[in-house]
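Asker: Got a file for you: run_10.cif, mmCIF, C-alpha atoms; chains and numbers go by the auth columns.
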data_target
#
loop_
_atom_site.group_PDB
_atom_site.id
_atom_site.type_symbol
_atom_site.label_atom_id
_atom_site.label_comp_id
_atom_site.label_asym_id
_atom_site.label_seq_id
_atom_site.Cartn_x
_atom_site.Cartn_y
_atom_site.Cartn_z
_atom_site.B_iso_or_equiv
_atom_site.auth_seq_id
_atom_site.auth_asym_id
ATOM 1 C CA ILE A 1 -8.077 25.726 9.177 0.00 282 A
ATOM 2 C CA ALA A 2 -6.188 27.836 11.722 0.00 283 A
ATOM 3 C CA SER A 3 -4.504 29.828 8.933 0.00 284 A
ATOM 4 C CA ALA A 4 -7.847 30.462 7.216 0.00 285 A
ATOM 5 C CA TRP A 5 -9.336 31.686 10.505 0.00 286 A
ATOM 6 C CA ILE A 6 -6.365 34.045 11.116 0.00 287 A
ATOM 7 C CA VAL A 7 -6.596 35.508 7.603 0.00 288 A
ATOM 8 C CA ARG A 8 -10.374 35.906 7.830 0.00 289 A
ATOM 9 C CA SER A 9 -10.207 37.602 11.225 0.00 290 A
ATOM 10 C CA GLY A 10 -7.464 39.969 10.030 0.00 291 A
ATOM 11 C CA PHE A 11 -8.835 40.809 6.561 0.00 292 A
ATOM 12 C CA SER A 12 -12.576 40.033 6.995 0.00 293 A
ATOM 13 C CA SER A 13 -12.549 37.579 4.065 0.00 294 A
ATOM 14 C CA PHE A 14 -10.773 34.460 2.882 0.00 295 A
ATOM 15 C CA GLY A 15 -11.294 34.159 -0.841 0.00 296 A
ATOM 16 C CA ILE A 16 -9.985 31.355 -3.029 0.00 297 A
ATOM 17 C CA ARG A 17 -9.438 31.937 -6.738 0.00 298 A
ATOM 18 C CA PHE A 18 -7.642 30.002 -9.467 0.00 299 A
ATOM 19 C CA ASP A 19 -5.043 32.219 -11.139 0.00 300 A
ATOM 20 C CA ALA A 20 -3.297 30.318 -13.936 0.00 301 A
ATOM 21 C CA VAL A 21 -0.837 33.113 -14.757 0.00 302 A
ATOM 22 C CA TYR A 22 0.251 33.490 -11.149 0.00 303 A
ATOM 23 C CA LEU A 23 0.559 29.718 -10.663 0.00 304 A
ATOM 24 C CA GLN A 24 2.673 29.427 -13.800 0.00 305 A
ATOM 25 C CA SER A 25 4.987 32.167 -12.543 0.00 306 A
ATOM 26 C CA LEU A 26 5.122 30.573 -9.090 0.00 307 A
ATOM 27 C CA PHE A 27 6.058 27.133 -10.429 0.00 308 A
ATOM 28 C CA ALA A 28 8.617 28.637 -12.800 0.00 309 A
ATOM 29 C CA SER A 29 10.309 30.261 -9.801 0.00 310 A
ATOM 30 C CA CYS A 30 10.048 27.238 -7.511 0.00 311 A
ATOM 31 C CA LEU A 31 11.074 24.390 -9.825 0.00 312 A
ATOM 32 C CA PRO A 32 14.785 25.362 -9.859 0.00 313 A
ATOM 33 C CA LEU A 33 14.697 25.476 -6.053 0.00 314 A
ATOM 34 C CA LEU A 34 13.072 22.046 -6.017 0.00 315 A
ATOM 35 C CA GLY A 35 15.741 20.707 -8.355 0.00 316 A
ATOM 36 C CA SER A 36 18.560 22.164 -6.272 0.00 317 A
ATOM 37 C CA ALA A 37 16.955 20.787 -3.085 0.00 318 A
ATOM 38 C CA LEU A 38 16.847 17.297 -4.627 0.00 319 A
ATOM 39 C CA PHE A 39 20.511 17.550 -5.537 0.00 320 A
ATOM 40 C CA TRP A 40 21.317 18.750 -2.016 0.00 321 A
ATOM 41 C CA ILE A 41 19.564 15.692 -0.589 0.00 322 A
ATOM 42 C CA LEU A 42 21.738 13.570 -2.877 0.00 323 A
ATOM 43 C CA TYR A 43 24.778 15.619 -1.860 0.00 324 A
ATOM 44 C CA ASP A 44 24.102 15.008 1.844 0.00 325 A
ATOM 45 C CA SER A 45 23.965 11.236 1.378 0.00 326 A
ATOM 46 C CA GLN A 46 26.487 11.001 -1.455 0.00 327 A
ATOM 47 C CA ASP A 47 29.529 10.490 0.760 0.00 328 A
ATOM 48 C CA ILE A 48 28.009 7.477 2.530 0.00 329 A
ATOM 49 C CA LEU A 49 27.062 5.948 -0.827 0.00 330 A
ATOM 50 C CA ILE A 50 30.570 6.496 -2.184 0.00 331 A
ATOM 51 C CA LEU A 51 32.187 5.030 0.920 0.00 332 A
ATOM 52 C CA ASN A 52 29.988 1.968 0.578 0.00 333 A
ATOM 53 C CA SER A 53 30.836 1.643 -3.100 0.00 334 A
ATOM 54 C CA PHE A 54 34.548 1.634 -2.192 0.00 335 A
ATOM 55 C CA HIS A 55 33.805 -1.174 0.305 0.00 336 A
ATOM 56 C CA PHE A 56 35.159 0.585 3.372 0.00 337 A
ATOM 57 C CA PRO A 57 34.498 -1.253 6.657 0.00 338 A
ATOM 58 C CA GLN A 58 31.133 -0.414 8.147 0.00 339 A
ATOM 59 C CA HIS A 59 32.639 0.819 11.415 0.00 340 A
ATOM 60 C CA GLU A 60 34.730 3.400 9.518 0.00 341 A
ATOM 61 C CA ILE A 61 31.662 4.545 7.606 0.00 342 A
ATOM 62 C CA GLY A 62 29.917 4.819 10.975 0.00 343 A
ATOM 63 C CA TRP A 63 32.679 7.117 12.241 0.00 344 A
ATOM 64 C CA PHE A 64 32.241 9.394 9.245 0.00 345 A
ATOM 65 C CA SER A 65 28.454 9.361 9.616 0.00 346 A
ATOM 66 C CA ALA A 66 28.732 10.238 13.316 0.00 347 A
ATOM 67 C CA ALA A 67 30.972 13.218 12.527 0.00 348 A
ATOM 68 C CA MET A 68 28.615 14.397 9.788 0.00 349 A
ATOM 69 C CA LYS A 69 25.649 14.275 12.174 0.00 350 A
ATOM 70 C CA VAL A 70 27.399 16.799 14.411 0.00 351 A
ATOM 71 C CA ILE A 71 28.045 19.034 11.377 0.00 352 A
ATOM 72 C CA ASP A 72 24.367 18.723 10.401 0.00 353 A
ATOM 73 C CA VAL A 73 23.410 20.085 13.814 0.00 354 A
ATOM 74 C CA VAL A 74 25.776 23.068 13.932 0.00 355 A
ATOM 75 C CA ARG A 75 25.077 24.147 10.353 0.00 356 A
ATOM 76 C CA VAL A 76 21.565 25.078 11.454 0.00 357 A
ATOM 77 C CA TYR A 77 23.158 28.310 12.714 0.00 358 A
ATOM 78 C CA PRO A 78 23.794 29.925 9.285 0.00 359 A
ATOM 79 C CA ILE A 79 20.369 28.785 8.067 0.00 360 A
ATOM 80 C CA LEU A 80 18.638 30.495 10.988 0.00 361 A
ATOM 81 C CA MET A 81 20.754 33.628 10.645 0.00 362 A
ATOM 82 C CA MET A 82 19.925 33.963 6.941 0.00 363 A
ATOM 83 C CA GLY A 83 16.255 33.540 7.778 0.00 364 A
ATOM 84 C CA VAL A 84 16.610 36.712 9.861 0.00 365 A
ATOM 85 C CA PHE A 85 18.419 38.762 7.188 0.00 366 A
ATOM 86 C CA PHE A 86 16.654 37.527 4.039 0.00 367 A
ATOM 87 C CA PRO A 87 13.595 39.851 4.237 0.00 368 A
ATOM 88 C CA ALA A 88 15.869 42.903 4.389 0.00 369 A
ATOM 89 C CA LEU A 89 17.943 41.637 1.450 0.00 370 A
ATOM 90 C CA SER A 90 14.914 40.934 -0.727 0.00 371 A
ATOM 91 C CA LYS A 91 13.558 44.409 0.023 0.00 372 A
ATOM 92 C CA LEU A 92 16.834 46.241 -0.669 0.00 373 A
ATOM 93 C CA HIS A 93 17.677 44.661 -4.034 0.00 374 A
ATOM 94 C CA PRO A 94 15.001 46.328 -6.212 0.00 375 A
ATOM 95 C CA SER A 95 14.816 49.577 -4.223 0.00 376 A
ATOM 96 C CA ASP A 96 18.459 50.358 -3.369 0.00 377 A
ATOM 97 C CA PRO A 97 21.105 48.202 -5.144 0.00 378 A
ATOM 98 C CA ALA A 98 23.987 50.106 -3.514 0.00 379 A
ATOM 99 C CA ALA A 99 22.608 49.427 -0.034 0.00 380 A
ATOM 100 C CA PHE A 100 22.104 45.786 -1.044 0.00 381 A
ATOM 101 C CA ARG A 101 25.781 45.467 -1.960 0.00 382 A
ATOM 102 C CA ARG A 102 26.846 47.043 1.347 0.00 383 A
ATOM 103 C CA LYS A 103 24.537 44.717 3.259 0.00 384 A
ATOM 104 C CA GLN A 104 25.903 41.767 1.318 0.00 385 A
ATOM 105 C CA ARG A 105 29.513 42.589 2.167 0.00 386 A
ATOM 106 C CA ARG A 106 28.771 43.144 5.852 0.00 387 A
ATOM 107 C CA LEU A 107 26.739 39.949 6.047 0.00 388 A
ATOM 108 C CA LEU A 108 29.447 37.856 4.391 0.00 389 A
ATOM 109 C CA LEU A 109 32.083 39.315 6.706 0.00 390 A
ATOM 110 C CA PHE A 110 29.949 38.750 9.805 0.00 391 A
ATOM 111 C CA MET A 111 29.125 35.163 8.841 0.00 392 A
ATOM 112 C CA ALA A 112 32.731 34.369 7.891 0.00 393 A
ATOM 113 C CA VAL A 113 34.003 35.624 11.263 0.00 394 A
ATOM 114 C CA SER A 114 31.268 33.978 13.336 0.00 395 A
ATOM 115 C CA LEU A 115 31.522 30.629 11.510 0.00 396 A
ATOM 116 C CA THR A 116 35.299 30.623 11.900 0.00 397 A
ATOM 117 C CA LEU A 117 34.977 31.361 15.621 0.00 398 A
ATOM 118 C CA ILE A 118 32.468 28.530 16.060 0.00 399 A
ATOM 119 C CA ALA A 119 34.782 26.128 14.216 0.00 400 A
ATOM 120 C CA ALA A 120 37.733 27.277 16.343 0.00 401 A
ATOM 121 C CA VAL A 121 35.768 26.677 19.552 0.00 402 A
ATOM 122 C CA LEU A 122 34.580 23.255 18.393 0.00 403 A
ATOM 123 C CA TYR A 123 38.030 22.059 17.278 0.00 404 A
ATOM 124 C CA PRO A 124 39.486 21.299 20.747 0.00 405 A
ATOM 125 C CA CYS A 125 36.085 20.024 21.919 0.00 406 A
ATOM 126 C CA CYS A 126 35.672 17.366 19.205 0.00 407 A
ATOM 127 C CA PRO A 127 36.824 14.378 21.315 0.00 408 A
ATOM 128 C CA TRP A 128 34.559 15.458 24.178 0.00 409 A
ATOM 129 C CA ILE A 129 31.575 15.930 21.829 0.00 410 A
ATOM 130 C CA ILE A 130 32.025 12.479 20.307 0.00 411 A
ATOM 131 C CA ARG A 131 32.347 10.838 23.736 0.00 412 A
ATOM 132 C CA LEU A 132 29.244 12.672 24.935 0.00 413 A
ATOM 133 C CA LEU A 133 27.061 11.700 21.976 0.00 414 A
ATOM 134 C CA TYR A 134 28.420 8.260 21.090 0.00 415 A
ATOM 135 C CA LYS A 135 30.185 5.297 22.656 0.00 416 A
ATOM 136 C CA SER A 136 33.946 5.046 23.063 0.00 417 A
ATOM 137 C CA ASP A 137 34.005 2.896 19.921 0.00 418 A
ATOM 138 C CA TYR A 138 33.386 6.113 17.953 0.00 419 A
ATOM 139 C CA ALA A 139 36.467 7.913 19.298 0.00 420 A
ATOM 140 C CA PRO A 140 38.151 8.014 15.832 0.00 421 A
ATOM 141 C CA ALA A 141 35.205 10.108 14.623 0.00 422 A
ATOM 142 C CA SER A 142 36.660 13.091 16.505 0.00 423 A
ATOM 143 C CA HIS A 143 39.514 13.288 13.982 0.00 424 A
ATOM 144 C CA LEU A 144 37.023 13.216 11.093 0.00 425 A
ATOM 145 C CA LEU A 145 34.928 15.888 12.807 0.00 426 A
ATOM 146 C CA ARG A 146 37.960 18.160 12.979 0.00 427 A
ATOM 147 C CA LEU A 147 38.602 17.605 9.277 0.00 428 A
ATOM 148 C CA LEU A 148 34.968 18.506 8.531 0.00 429 A
ATOM 149 C CA LEU A 149 35.008 21.831 10.399 0.00 430 A
ATOM 150 C CA PRO A 150 36.343 23.757 7.344 0.00 431 A
ATOM 151 C CA ALA A 151 33.451 22.223 5.386 0.00 432 A
ATOM 152 C CA PHE A 152 31.068 23.592 8.033 0.00 433 A
ATOM 153 C CA VAL A 153 32.455 27.094 7.447 0.00 434 A
ATOM 154 C CA GLY A 154 32.088 26.577 3.701 0.00 435 A
ATOM 155 C CA MET A 155 28.506 25.325 4.067 0.00 436 A
ATOM 156 C CA GLY A 156 27.604 28.414 6.067 0.00 437 A
ATOM 157 C CA LEU A 157 29.089 30.794 3.510 0.00 438 A
ATOM 158 C CA THR A 158 27.472 28.980 0.572 0.00 439 A
ATOM 159 C CA ASN A 159 24.133 29.217 2.367 0.00 440 A
ATOM 160 C CA VAL A 160 24.620 32.986 2.550 0.00 441 A
ATOM 161 C CA GLN A 161 25.386 33.093 -1.166 0.00 442 A
ATOM 162 C CA MET A 162 22.338 30.946 -1.948 0.00 443 A
ATOM 163 C CA GLN A 163 20.025 33.321 -0.113 0.00 444 A
ATOM 164 C CA LEU A 164 21.638 36.279 -1.880 0.00 445 A
ATOM 165 C CA LEU A 165 20.909 34.689 -5.260 0.00 446 A
ATOM 166 C CA ILE A 166 17.293 34.059 -4.254 0.00 447 A
ATOM 167 C CA ALA A 167 16.999 37.719 -3.236 0.00 448 A
ATOM 168 C CA LEU A 168 18.394 38.611 -6.689 0.00 449 A
ATOM 169 C CA ASN A 169 15.778 36.386 -8.393 0.00 450 A
ATOM 170 C CA GLN A 170 18.498 34.070 -9.708 0.00 451 A
ATOM 171 C CA GLU A 171 17.047 30.803 -8.394 0.00 452 A
ATOM 172 C CA ARG A 172 17.769 28.979 -11.657 0.00 453 A
ATOM 173 C CA LYS A 173 21.514 29.320 -11.078 0.00 454 A
ATOM 174 C CA LEU A 174 21.212 27.333 -7.835 0.00 455 A
ATOM 175 C CA LEU A 175 20.311 24.185 -9.758 0.00 456 A
ATOM 176 C CA ILE A 176 23.407 24.525 -11.945 0.00 457 A
ATOM 177 C CA GLY A 177 25.568 25.069 -8.864 0.00 458 A
ATOM 178 C CA ALA A 178 24.081 22.046 -7.083 0.00 459 A
ATOM 179 C CA VAL A 179 24.849 19.802 -10.074 0.00 460 A
ATOM 180 C CA ILE A 180 28.431 21.129 -10.255 0.00 461 A
ATOM 181 C CA THR A 181 28.901 20.588 -6.512 0.00 462 A
ATOM 182 C CA CYS A 182 27.662 16.986 -6.625 0.00 463 A
ATOM 183 C CA ALA A 183 29.918 16.227 -9.581 0.00 464 A
ATOM 184 C CA THR A 184 32.919 17.868 -7.884 0.00 465 A
ATOM 185 C CA ASN A 185 32.371 15.946 -4.671 0.00 466 A
ATOM 186 C CA LEU A 186 32.097 12.670 -6.588 0.00 467 A
ATOM 187 C CA LEU A 187 35.274 13.353 -8.570 0.00 468 A
ATOM 188 C CA LEU A 188 37.320 14.417 -5.545 0.00 469 A
ATOM 189 C CA ALA A 189 36.090 11.464 -3.505 0.00 470 A
ATOM 190 C CA CYS A 190 37.081 9.010 -6.237 0.00 471 A
ATOM 191 C CA LEU A 191 40.544 10.594 -6.376 0.00 472 A
ATOM 192 C CA LEU A 192 41.171 10.933 -2.637 0.00 473 A
ATOM 193 C CA LEU A 193 39.509 7.898 -1.039 0.00 474 A
ATOM 194 C CA PRO A 194 41.978 5.321 -2.424 0.00 475 A
ATOM 195 C CA ARG A 195 44.896 7.417 -1.129 0.00 476 A
ATOM 196 C CA LEU A 196 43.595 8.833 2.164 0.00 477 A
ATOM 197 C CA GLY A 197 40.896 6.414 3.257 0.00 478 A
ATOM 198 C CA VAL A 198 37.773 7.764 4.930 0.00 479 A
ATOM 199 C CA SER A 199 39.531 11.075 5.546 0.00 480 A
ATOM 200 C CA GLY A 200 39.431 11.594 1.788 0.00 481 A
ATOM 201 C CA ALA A 201 35.652 12.055 1.996 0.00 482 A
ATOM 202 C CA CYS A 202 36.215 14.970 4.397 0.00 483 A
ATOM 203 C CA TYR A 203 38.710 16.632 2.067 0.00 484 A
ATOM 204 C CA ALA A 204 36.398 16.024 -0.905 0.00 485 A
ATOM 205 C CA LEU A 205 33.558 17.738 0.953 0.00 486 A
ATOM 206 C CA VAL A 206 35.756 20.729 1.758 0.00 487 A
ATOM 207 C CA GLY A 207 36.850 20.980 -1.879 0.00 488 A
ATOM 208 C CA SER A 208 33.315 20.801 -3.243 0.00 489 A
ATOM 209 C CA GLU A 209 32.155 23.511 -0.823 0.00 490 A
ATOM 210 C CA ILE A 210 34.985 25.774 -2.013 0.00 491 A
ATOM 211 C CA VAL A 211 34.001 25.209 -5.642 0.00 492 A
ATOM 212 C CA TYR A 212 30.340 25.907 -4.871 0.00 493 A
ATOM 213 C CA PHE A 213 31.161 29.079 -2.942 0.00 494 A
ATOM 214 C CA PHE A 214 33.188 30.581 -5.790 0.00 495 A
ATOM 215 C CA PHE A 215 30.528 29.580 -8.330 0.00 496 A
ATOM 216 C CA LEU A 216 27.817 31.327 -6.299 0.00 497 A
ATOM 217 C CA ARG A 217 30.092 34.296 -5.603 0.00 498 A
ATOM 218 C CA ARG A 218 30.762 34.828 -9.289 0.00 499 A
ATOM 219 C CA THR A 219 27.096 34.345 -10.188 0.00 500 A
ATOM 220 C CA ALA A 220 25.973 36.886 -7.580 0.00 501 A
ATOM 221 C CA ALA A 221 28.582 39.415 -8.777 0.00 502 A
ATOM 222 C CA GLU A 222 27.338 39.066 -12.357 0.00 503 A
ATOM 223 C CA SER A 223 23.740 39.544 -11.229 0.00 504 A
ATOM 224 C CA LEU A 224 24.336 42.802 -9.337 0.00 505 A
#
Would you mind writing the structure in this file as structure tokens?

Answerer:
Amino acid sequence: IASAWIVRSGFSSFGIRFDAVYLQSLFASCLPLLGSALFWILYDSQDILILNSFHFPQHEIGWFSAAMKVIDVVRVYPILMMGVFFPALSKLHPSDPAAFRRKQRRLLLFMAVSLTLIAAVLYPCCPWIIRLLYKSDYAPASHLLRLLLPAFVGMGLTNVQMQLLIALNQERKLLIGAVITCATNLLLACLLLPRLGVSGACYALVGSEIVYFFFLRRTAAESL
């Protein structure tokens, strides 16, 4: 109701019309994003499911989950930053491809440096963060959090690449990448968990983020 009032006051009318052609185009563009979002939801909970399937003790799974919650909080940073830059990227692509490529390089460099600096600052603070947020029983989670910091950097860079592909109207490729990432994480976890314990889930996450980044990087380069 508030949105309708704002539109009506700004444009003096608020018309509603069924446009089948536009809706078909809209759903065709959005369905790959929906599919990739569903796979990302699976990806976020996949590690806990795998750890349970390998019958790790619940307290060790709790340590991993506690570390991942901290990563979930700090990875909001690249999402917010890309929300700032995305309008400029989507405007530059059709009008000035050369400027788009320059913007892309600068953005990737800026995000890589800033994400690395954040990870470097967090690394010595991991024990303090875990003690602040959780009980002393979760102290081993600080080691897992340190192992997950490279994954945080990878998540930030893949988010940049995802937004670049959306600006290039290559949303369909995101679904393929999400499937590949889930499969890679599952494979690496099955290989590493028996050898490394819960830490193997951290290494598997880092590996899957690297695979996803290079997939998106190659896809974006082919689309330019």

Asker: For Gly316 (chain A), find every residue with an atom within 12 Å (counting all atoms listed in the file), except residues of its own chain fewer than 2 positions away, and show them as a list in words.

Answerer: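 Final neighbour list, sorted by chain and number: Phe308, Ala309, Ser310, Cys311, Leu312, Pro313, Leu314, Ala318, Leu319, Phe320, Trp321, Ile322, Leu323, Glu452, Arg453, Lys454, Leu455, Leu456, Ile457, Gly458, Ala459 and Val460 of chain A.
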
Asker: Counting all atoms listed in the file, which residue out of A:Leu445, A:Leu425, A:Pro408, A:Gly488 sits closest to Ala369 (chain A)?

Answerer: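 Nearest candidate to Ala369 (chain A) out of A:Leu445, A:Leu425, A:Pro408, A:Gly488: A:Leu445.
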
Asker: Between A:Gln442, A:Thr465, A:Ser334, A:Gln305, single out the one closest to Tyr484 (chain A), counting only C-alpha atoms.

Answerer: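 Of A:Gln442, A:Thr465, A:Ser334, A:Gln305, the one nearest Tyr484 (chain A) is A:Thr465, counting only C-alpha atoms.
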
Asker: Considering all atoms listed in the file, can you say which of A:Leu426, A:Trp286, A:Ala470, A:Trp409 comes closest to Leu332 (chain A)?

Answerer: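 Nearest candidate to Leu332 (chain A) out of A:Leu426, A:Trp286, A:Ala470, A:Trp409: A:Ala470.
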
Asker: With distances taken over only C-alpha atoms, which of A:Phe292, A:Asn440, A:Ser489, A:Leu414 is nearest to Leu361 (chain A)?

Answerer: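 Counting only C-alpha atoms, the residue closest to Leu361 (chain A) is A:Asn440.
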
Asker: Excluding Cys407 (chain A) and residues on its chain fewer than 2 positions from it, collect all residues at most 9 Å away from it, counting only C-alpha atoms, and give them as number ranges by chain.

Answerer: A: 403-405, 409-412, 422-424, 426-427

Asker: Could you check which of A:Tyr303, A:Phe381, A:Phe345, A:Phe335 is closest to Ala502 (chain A), using only C-alpha atoms?

Answerer: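 Residue with the minimum atom-to-atom distance to Ala502 (chain A): A:Phe381.
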
Asker: In Å, rounded to a single decimal, give me how far CA of Ser326 (chain A) is from CA of Val351 (chain A).

Answerer: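 Between these atoms lies a distance of 14.6 Å.
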
Asker: Would you work out the distance separating CA of Pro431 (chain A) from CA of Ile399 (chain A), expressed in Å to one decimal?

Answerer: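 Going from CA of Pro431 (chain A) over to CA of Ile399 (chain A) covers 10.7 Å.
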
Asker: What is the CA of Gln444 (chain A) to CA of Leu396 (chain A) distance in Å?

Answerer: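 If I compute the distance from CA of Gln444 (chain A) to CA of Leu396 (chain A), I get 16.6 Å.
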
Asker: Report the residues retrieved by the PyMOL selection byres ((chain A and resi 476-483) around 9) from the displayed file, expressed as a PyMOL selection string.

Answerer: chain A and resi 328-329+331-332+337+341-342+344-345+424-426+428-429+432+466+469-475+484-488

Asker: Could you list, as number ranges by chain, every residue within 8 Å of Gly435 (chain A), counting all atoms listed in the file and ignoring same-chain residues fewer than 2 positions away?

Answerer: A: 431-433, 437-439, 487, 490-491, 494

Asker: Quick one: of A:Leu497, A:Leu446, A:Val441, A:Val434, who's nearest to Thr462 (chain A), counting only C-alpha atoms?

Answerer: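 Ranked by minimum distance to Thr462 (chain A), first place goes to A:Leu497.
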